>>> print(open('model_18.txt').read())   # compact mmCIF, N, CA and C atoms
# COMPACT_ATOMS: atom_id res chain seq x y z
N MET A 1 -6.79 -29.90 -32.57
CA MET A 1 -6.55 -30.15 -31.16
C MET A 1 -7.75 -30.84 -30.53
N THR A 2 -7.50 -31.50 -29.45
CA THR A 2 -8.58 -32.18 -28.75
C THR A 2 -9.12 -31.29 -27.64
N SER A 3 -10.34 -31.56 -27.26
CA SER A 3 -10.94 -30.78 -26.18
C SER A 3 -10.48 -31.31 -24.83
N ARG A 4 -10.57 -30.48 -23.85
CA ARG A 4 -10.20 -30.83 -22.47
C ARG A 4 -11.41 -30.57 -21.58
N PRO A 5 -11.41 -31.15 -20.39
CA PRO A 5 -12.54 -30.87 -19.49
C PRO A 5 -12.48 -29.45 -18.93
N CYS A 6 -13.62 -28.84 -18.83
CA CYS A 6 -13.75 -27.52 -18.22
C CYS A 6 -13.38 -27.63 -16.74
N PRO A 7 -12.55 -26.72 -16.21
CA PRO A 7 -12.17 -26.81 -14.80
C PRO A 7 -13.33 -26.57 -13.82
N ILE A 8 -14.43 -26.00 -14.29
CA ILE A 8 -15.58 -25.73 -13.42
C ILE A 8 -16.59 -26.86 -13.47
N CYS A 9 -17.11 -27.18 -14.66
CA CYS A 9 -18.21 -28.15 -14.76
C CYS A 9 -17.78 -29.52 -15.29
N LYS A 10 -16.54 -29.63 -15.73
CA LYS A 10 -15.96 -30.89 -16.23
C LYS A 10 -16.51 -31.35 -17.58
N GLN A 11 -17.35 -30.53 -18.23
CA GLN A 11 -17.80 -30.86 -19.58
C GLN A 11 -16.66 -30.57 -20.56
N SER A 12 -16.79 -31.06 -21.77
CA SER A 12 -15.77 -30.86 -22.79
C SER A 12 -15.65 -29.38 -23.14
N ALA A 13 -14.41 -28.87 -23.17
CA ALA A 13 -14.16 -27.48 -23.53
C ALA A 13 -13.26 -27.45 -24.76
N ALA A 14 -13.74 -26.86 -25.84
CA ALA A 14 -12.99 -26.78 -27.09
C ALA A 14 -11.75 -25.90 -26.90
N PRO A 15 -10.72 -26.10 -27.71
CA PRO A 15 -9.52 -25.27 -27.62
C PRO A 15 -9.80 -23.81 -27.98
N ARG A 16 -8.88 -22.92 -27.62
CA ARG A 16 -9.06 -21.47 -27.79
C ARG A 16 -9.37 -21.08 -29.24
N ALA A 17 -8.82 -21.76 -30.21
CA ALA A 17 -9.08 -21.42 -31.61
C ALA A 17 -10.57 -21.50 -31.94
N GLU A 18 -11.29 -22.37 -31.23
CA GLU A 18 -12.72 -22.56 -31.48
C GLU A 18 -13.60 -21.99 -30.37
N ASN A 19 -12.98 -21.60 -29.25
CA ASN A 19 -13.74 -21.24 -28.06
C ASN A 19 -13.08 -20.06 -27.35
N PRO A 20 -13.64 -18.87 -27.47
CA PRO A 20 -13.02 -17.70 -26.82
C PRO A 20 -13.04 -17.77 -25.29
N ALA A 21 -13.82 -18.66 -24.71
CA ALA A 21 -13.88 -18.79 -23.25
C ALA A 21 -12.88 -19.83 -22.73
N ALA A 22 -12.10 -20.44 -23.60
CA ALA A 22 -11.15 -21.48 -23.19
C ALA A 22 -10.26 -20.95 -22.07
N PRO A 23 -9.94 -21.75 -21.10
CA PRO A 23 -10.07 -23.19 -20.98
C PRO A 23 -11.42 -23.66 -20.44
N PHE A 24 -12.36 -22.73 -20.32
CA PHE A 24 -13.70 -23.08 -19.84
C PHE A 24 -14.58 -23.48 -21.01
N CYS A 25 -15.68 -24.16 -20.72
CA CYS A 25 -16.56 -24.61 -21.81
C CYS A 25 -17.36 -23.45 -22.39
N GLY A 26 -17.57 -22.40 -21.61
CA GLY A 26 -18.35 -21.26 -22.09
C GLY A 26 -18.24 -20.08 -21.15
N GLU A 27 -18.95 -19.03 -21.50
CA GLU A 27 -18.91 -17.78 -20.73
C GLU A 27 -19.40 -17.97 -19.29
N ARG A 28 -20.40 -18.81 -19.09
CA ARG A 28 -20.95 -19.03 -17.75
C ARG A 28 -19.88 -19.55 -16.80
N CYS A 29 -19.16 -20.59 -17.21
CA CYS A 29 -18.13 -21.16 -16.35
C CYS A 29 -16.96 -20.20 -16.17
N LYS A 30 -16.67 -19.41 -17.19
CA LYS A 30 -15.62 -18.40 -17.09
C LYS A 30 -15.98 -17.37 -16.02
N LEU A 31 -17.25 -16.95 -15.98
CA LEU A 31 -17.70 -15.98 -14.98
C LEU A 31 -17.76 -16.58 -13.58
N ILE A 32 -18.10 -17.85 -13.48
CA ILE A 32 -18.10 -18.53 -12.18
C ILE A 32 -16.69 -18.53 -11.62
N ASP A 33 -15.70 -18.83 -12.46
CA ASP A 33 -14.30 -18.84 -12.02
C ASP A 33 -13.86 -17.45 -11.58
N LEU A 34 -14.21 -16.43 -12.35
CA LEU A 34 -13.87 -15.06 -11.97
C LEU A 34 -14.49 -14.72 -10.62
N GLY A 35 -15.73 -15.10 -10.41
CA GLY A 35 -16.40 -14.85 -9.13
C GLY A 35 -15.69 -15.52 -7.97
N GLN A 36 -15.15 -16.72 -8.20
CA GLN A 36 -14.41 -17.42 -7.15
C GLN A 36 -13.15 -16.64 -6.77
N TRP A 37 -12.44 -16.11 -7.77
CA TRP A 37 -11.25 -15.31 -7.48
C TRP A 37 -11.63 -14.03 -6.74
N LEU A 38 -12.67 -13.34 -7.21
CA LEU A 38 -13.06 -12.07 -6.60
C LEU A 38 -13.59 -12.22 -5.18
N SER A 39 -14.21 -13.36 -4.89
CA SER A 39 -14.74 -13.58 -3.54
C SER A 39 -13.67 -14.05 -2.56
N GLY A 40 -12.50 -14.39 -3.07
CA GLY A 40 -11.43 -14.87 -2.19
C GLY A 40 -11.43 -16.36 -1.99
N ALA A 41 -12.26 -17.09 -2.72
CA ALA A 41 -12.30 -18.54 -2.58
C ALA A 41 -11.00 -19.18 -3.08
N TYR A 42 -10.40 -18.58 -4.10
CA TYR A 42 -9.09 -19.03 -4.58
C TYR A 42 -8.05 -18.09 -4.00
N ARG A 43 -6.93 -18.65 -3.59
CA ARG A 43 -5.85 -17.83 -3.04
C ARG A 43 -4.52 -18.34 -3.54
N VAL A 44 -3.62 -17.42 -3.78
CA VAL A 44 -2.26 -17.76 -4.17
C VAL A 44 -1.42 -17.75 -2.91
N PRO A 45 -0.71 -18.85 -2.61
CA PRO A 45 0.08 -18.87 -1.39
C PRO A 45 1.18 -17.82 -1.42
N ALA A 46 1.45 -17.25 -0.27
CA ALA A 46 2.49 -16.23 -0.15
C ALA A 46 3.38 -16.55 1.04
N GLY A 47 4.53 -15.93 1.06
CA GLY A 47 5.45 -16.11 2.18
C GLY A 47 4.98 -15.34 3.39
N PRO A 48 5.72 -15.46 4.48
CA PRO A 48 5.34 -14.74 5.70
C PRO A 48 5.41 -13.23 5.49
N VAL A 49 4.54 -12.51 6.14
CA VAL A 49 4.50 -11.06 6.06
C VAL A 49 5.46 -10.49 7.08
N VAL A 50 6.34 -9.59 6.62
CA VAL A 50 7.29 -8.94 7.51
C VAL A 50 6.73 -7.57 7.84
N ASP A 51 6.64 -7.26 9.12
CA ASP A 51 6.13 -5.97 9.58
C ASP A 51 7.20 -4.90 9.34
N ALA A 52 6.91 -3.94 8.46
CA ALA A 52 7.87 -2.89 8.12
C ALA A 52 8.12 -1.95 9.29
N ASP A 53 7.21 -1.89 10.25
CA ASP A 53 7.36 -1.00 11.40
C ASP A 53 8.11 -1.66 12.55
N SER A 54 8.56 -2.88 12.37
CA SER A 54 9.24 -3.61 13.43
C SER A 54 10.51 -2.88 13.85
N THR A 55 10.75 -2.80 15.17
CA THR A 55 11.96 -2.15 15.67
C THR A 55 13.09 -3.15 15.86
N ASP A 56 12.80 -4.43 15.80
CA ASP A 56 13.82 -5.46 15.99
C ASP A 56 14.31 -5.92 14.62
N ASP A 57 15.42 -5.34 14.13
CA ASP A 57 15.94 -5.64 12.80
C ASP A 57 16.40 -7.08 12.64
N ASP A 58 16.78 -7.75 13.74
CA ASP A 58 17.24 -9.14 13.63
C ASP A 58 16.13 -10.05 13.12
N ASP A 59 14.89 -9.82 13.54
CA ASP A 59 13.78 -10.65 13.08
C ASP A 59 13.50 -10.42 11.61
N ALA A 60 13.64 -9.20 11.11
CA ALA A 60 13.32 -8.89 9.72
C ALA A 60 14.34 -9.48 8.75
N ARG A 61 15.59 -9.65 9.20
CA ARG A 61 16.63 -10.19 8.31
C ARG A 61 16.58 -11.70 8.20
N GLY A 62 16.01 -12.36 9.16
CA GLY A 62 15.95 -13.82 9.11
C GLY A 62 17.22 -14.44 9.65
N PRO A 63 17.45 -15.75 9.37
CA PRO A 63 18.63 -16.44 9.90
C PRO A 63 19.92 -15.88 9.30
N HIS A 64 20.97 -15.93 10.09
CA HIS A 64 22.27 -15.41 9.63
C HIS A 64 23.08 -16.49 9.00
>>> encode(input="model_18.txt", output="structure tokens")
Amino acid sequence: MTSRPCPICKQSAAPRAENPAAPFCGERCKLIDLGQWLSGAYRVPAGPVVDADSTDDDDARGPH
């Protein structure tokens, strides 16, 4: 297999068979990525939050 660029530093990253830190080039970049997730820098988009305590059931059901 061919190497791909590391998503953090853009250096060549060997495939998983040769590199346990794949898709990163090494442990350092893997830990940087983990730190980004833990700090909240990366976020997964979510839908609108529905308030479970809402007394107006029409709003919670959405369009009819």
>>> atom_distance(input="model_18.txt", atom1="atom C of Ala17 (chain A)", atom2="CA of Tyr42 (chain A)")
27.5 Å
>>> atom_distance(input="model_18.txt", atom1="CA of Cys29 (chain A)", atom2="CA of Cys9 (chain A)")
7.2 Å
>>> atom_distance(input="model_18.txt", atom1="atom N of Arg16 (chain A)", atom2="atom N of Thr2 (chain A)")
8.9 Å
>>> select_by_dssp(input="model_18.txt", residues="chain A", states="strand (DSSP E or B)", output="ChimeraX atom specification")
/A:4-5,12-13
>>> residues_around(input="model_18.txt", residues="Ile32 (chain A)", least_positions_apart="6", cutoff="10 Å", atoms="only C-alpha atoms", output="list in words")
Ile8, Cys9, Phe24 and Leu38 of chain A
>>> residues_around(input="model_18.txt", residues="Lys10 (chain A)", least_positions_apart="5", cutoff="8 Å", atoms="only N, CA and C atoms", output="PyMOL selection string")
chain A and resi 4-5+25
